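Everything below concerns the one structure shown next.
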Amino acid sequence: MNDERIRQERTTLGIEFGSTRIKACLVGESGQTLATGSSSWESELLDGVWTYSLEAVREGLAAAYADLAAQVVKVHGIHLRVVGAIGVSAMMHGYLALDSAGELLTPFRTWRNTTTTQAAARLTEELRQNIPLRWSVAHHYQAILDAEPHVPRVHTLTTLAGYVHHLLTGTHVLGIGDASGMFPIDPDTADYDAEMLDRFDQLTAGPDSGRPLSQLLPPVASAGMQAGFLTPEGAQLLDATGALEPGIMFCPPEGDAGTGMVASNAVRARTGNVSVGTSIFAMLVLEDSLRSTRGEIDIVATPDAKLVAMVHCNNGASELGAWAGVFGEFLTRLGYTPDADEVFQAMLSGALEAEASQNGLLAYNLLAAEPIIGVTQGRPMIVRTPGTPLSLAGFARAQLLGVFAALSVGMAVLAEEGVTVDRFFAHGGLLRTGGVAQRALAAALGTPVSVMKDASEGGAWGIAVLARYARAVATGSAASRGLPDWLDEEAFAGSEAETVEPSEVEIADYAEFLGRWLTGLPVELAAGEILEERK
């Protein structure tokens, strides 16, 4: 075996399907990022359903890998033929219903769809656990309630990560973190909750309900397990040049919440992390179950089966990004060709300065419904009183702080439940803004926030690390260490983190902004009722 092949087999490859980018990340044996590749895509609103086509899934997968492979040649001078292990991650939740031939029965319904109010409410009551609108079981039950004709033909339910994993390996399986967004998990068995499955089957018994849910859900696997191998067909799909060899081991496919926890080294009890992207969510690893069922809080799992309280907001930095695009277009018309990060940094540079506090200016980033604050139809808005001056700093401040407003509502609920954390980490592209977004987030949480040096690579790096852990377990080099210890001692040994601690003034300023933002919510609700979505 030549030296080049040995070097390649010591790497791991992570692929993540985000809301706007499909990203591939090649990671070395010390956790360093060796190369990245990406492909852009956008969801479609098709007949009232937020969706992505499966053709776009395949094309984006191949494009992201091709970009990565080209970077490996450019930076390292080698053609990628093999890696030590591969992992796939993607947006959690939603509804992918397949027939016995693996064909999609209805357009992929993403996490952003909120048409499952009736099903989610009934399941929350019957199962005595909060079932959010976006969970797969809520979508499936709503399809049963609506007597959708495809229901009796459903052979398999999965998530986007599970679907891509099956394309590449031929194996139906799901990492436990992603599975916990399909149906509640029992942490004692590291599997779907058997008692709740029985209750669901009793609730849906009938000739038109199809197969029992237990037969539809993919098998569950925890971190460190092998979850299949790259097939020849999968290798061809991933790398159209034919250079990549089949037979490479895969770790269990995971959701973006789980890979975010790994990317920020927040899988131990009493640790937390925030992912800032198209959506925004906080994950707090619990010591014990919550005292009560709260509609604002999802109970999911870490990749190694610990319970997690999740505050999920459908709307994150997309509207802020749209405005950055407008400013970038303006600069282009003036003859400049700015980098996207430069536009963000210029736009936000004065957002936290004292003169930016303009109390009559509010911004609502709600492109989609936001159940956590009772918004059923998103309408992005900027509103100000006539006497409020309009400046770039004030505008940017309102947009930036508005990103975290709905999250703050959920975090207040967790505080009422007595949930606390010892450390908070954050990750996501918005954090590449010279510390401005990190400072705003720290003020919103009222606690120090740390950002790891690889945080901007996010879930693609996190799933590559999970693939590395699975390989370590398979080869015996993990030495019986659980995921938290292995992350501390291997993936994050010597890693640097930048920590921002909010001042009392910053916390008070954010609280004042949040109070006004919540007071103005009726305006947002009225806009949803009055302004119809243009088709």
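Note on naming: chains are A, B, ... as they come in the structure tokens, residues start from 1 per chain, ligands start from 1 in the order shown.
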Find the residues near Pro212 in chain A: any atom within 9 Å, counting only C-alpha atoms, skip ones fewer than 5 places away on the same chain, and give them as an MDAnalysis selection string. chainID A and resid 197 200:201 204:205
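Using only C-alpha atoms, the shortest contact distance between Met91 in chain A and any of A:Ala161, A:Ala346, A:Val505, A:Val267 is found at A:Ala161.
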Could you pull out the alpha helix (DSSP H) residues of range 215-257 of chain A, going by DSSP on the backbone, and write them as a VMD selection string? chain A and resid 215 to 216 232 to 238 256 to 257
Hey, can you spit out that residue selection with N, CA and C atoms as a short mmCIF file (atom, residue, chain, number, x, y, z; two decimals), in the first residue's frame?
data_model
loop_
_atom_site.label_atom_id
_atom_site.label_comp_id
_atom_site.auth_asym_id
_atom_site.auth_seq_id
_atom_site.Cartn_x
_atom_site.Cartn_y
_atom_site.Cartn_z
N GLN A 215 -42.73 -0.45 11.26
CA GLN A 215 -42.19 -1.04 10.04
C GLN A 215 -41.79 0.02 9.01
N LEU A 216 -42.24 1.23 9.22
CA LEU A 216 -41.92 2.31 8.28
C LEU A 216 -40.65 3.06 8.65
N PRO A 232 -20.83 0.42 -5.50
CA PRO A 232 -20.36 0.92 -6.80
C PRO A 232 -21.30 1.98 -7.37
N GLU A 233 -22.60 1.76 -7.21
CA GLU A 233 -23.57 2.75 -7.70
C GLU A 233 -23.44 4.06 -6.93
N GLY A 234 -23.24 3.94 -5.61
CA GLY A 234 -23.07 5.14 -4.80
C GLY A 234 -21.81 5.89 -5.15
N ALA A 235 -20.73 5.17 -5.41
CA ALA A 235 -19.47 5.80 -5.78
C ALA A 235 -19.61 6.56 -7.10
N GLN A 236 -20.34 5.98 -8.04
CA GLN A 236 -20.55 6.64 -9.33
C GLN A 236 -21.41 7.89 -9.18
N LEU A 237 -22.42 7.81 -8.29
CA LEU A 237 -23.28 8.96 -8.05
C LEU A 237 -22.49 10.10 -7.40
N LEU A 238 -21.63 9.74 -6.47
CA LEU A 238 -20.86 10.74 -5.74
C LEU A 238 -19.75 11.34 -6.60
N ASP A 256 -28.73 17.81 11.23
CA ASP A 256 -27.85 18.95 11.44
C ASP A 256 -27.75 19.36 12.90
N ALA A 257 -28.76 19.03 13.70
CA ALA A 257 -28.66 19.34 15.13
C ALA A 257 -27.56 18.51 15.79
#
Contacts of Met92 in chain A at 7 Å or less, counting only C-alpha atoms, minus same-chain residues fewer than 6 places along, as a ChimeraX atom specification? /A:111,159,178,181,255-256
Could those selected residues go to a file with C-alpha atoms, as a compact mmCIF listing (two decimals), in the first residue's frame?
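Listed below is the output, again.txt:
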# COMPACT_ATOMS: atom_id res chain seq x y z
CA TRP A 111 -38.99 21.07 8.17
CA THR A 159 -35.18 11.96 6.46
CA ASP A 178 -31.87 12.40 13.36
CA GLY A 181 -36.85 14.15 14.97
CA GLY A 255 -29.32 15.48 11.40
CA ASP A 256 -27.85 18.95 11.44
Name all residues at most 7 Å from Ala317 in chain A (count only C-alpha atoms; drop same-chain ones fewer than 4 positions away) and give them as a VMD selection string. chain A and resid 276 to 278 321 403
Write the residues of the selection above to a file with N, CA and C atoms, as a tab-separated table (two decimals), in the first residue's frame.
chain	number	residue	atom	x	y	z
A	276	VAL	N	-26.65	28.85	13.98
A	276	VAL	CA	-27.22	30.06	13.36
A	276	VAL	C	-27.12	29.91	11.85
A	277	GLY	N	-28.24	29.64	11.22
A	277	GLY	CA	-28.28	29.51	9.77
A	277	GLY	C	-29.62	29.95	9.25
A	278	THR	N	-30.13	29.24	8.22
A	278	THR	CA	-31.45	29.55	7.69
A	278	THR	C	-32.50	29.42	8.79
A	321	GLY	N	-29.45	37.83	5.38
A	321	GLY	CA	-28.66	37.52	4.19
A	321	GLY	C	-29.24	38.17	2.94
A	403	VAL	N	-32.84	38.35	14.64
A	403	VAL	CA	-32.52	36.95	14.34
A	403	VAL	C	-32.68	36.08	15.59
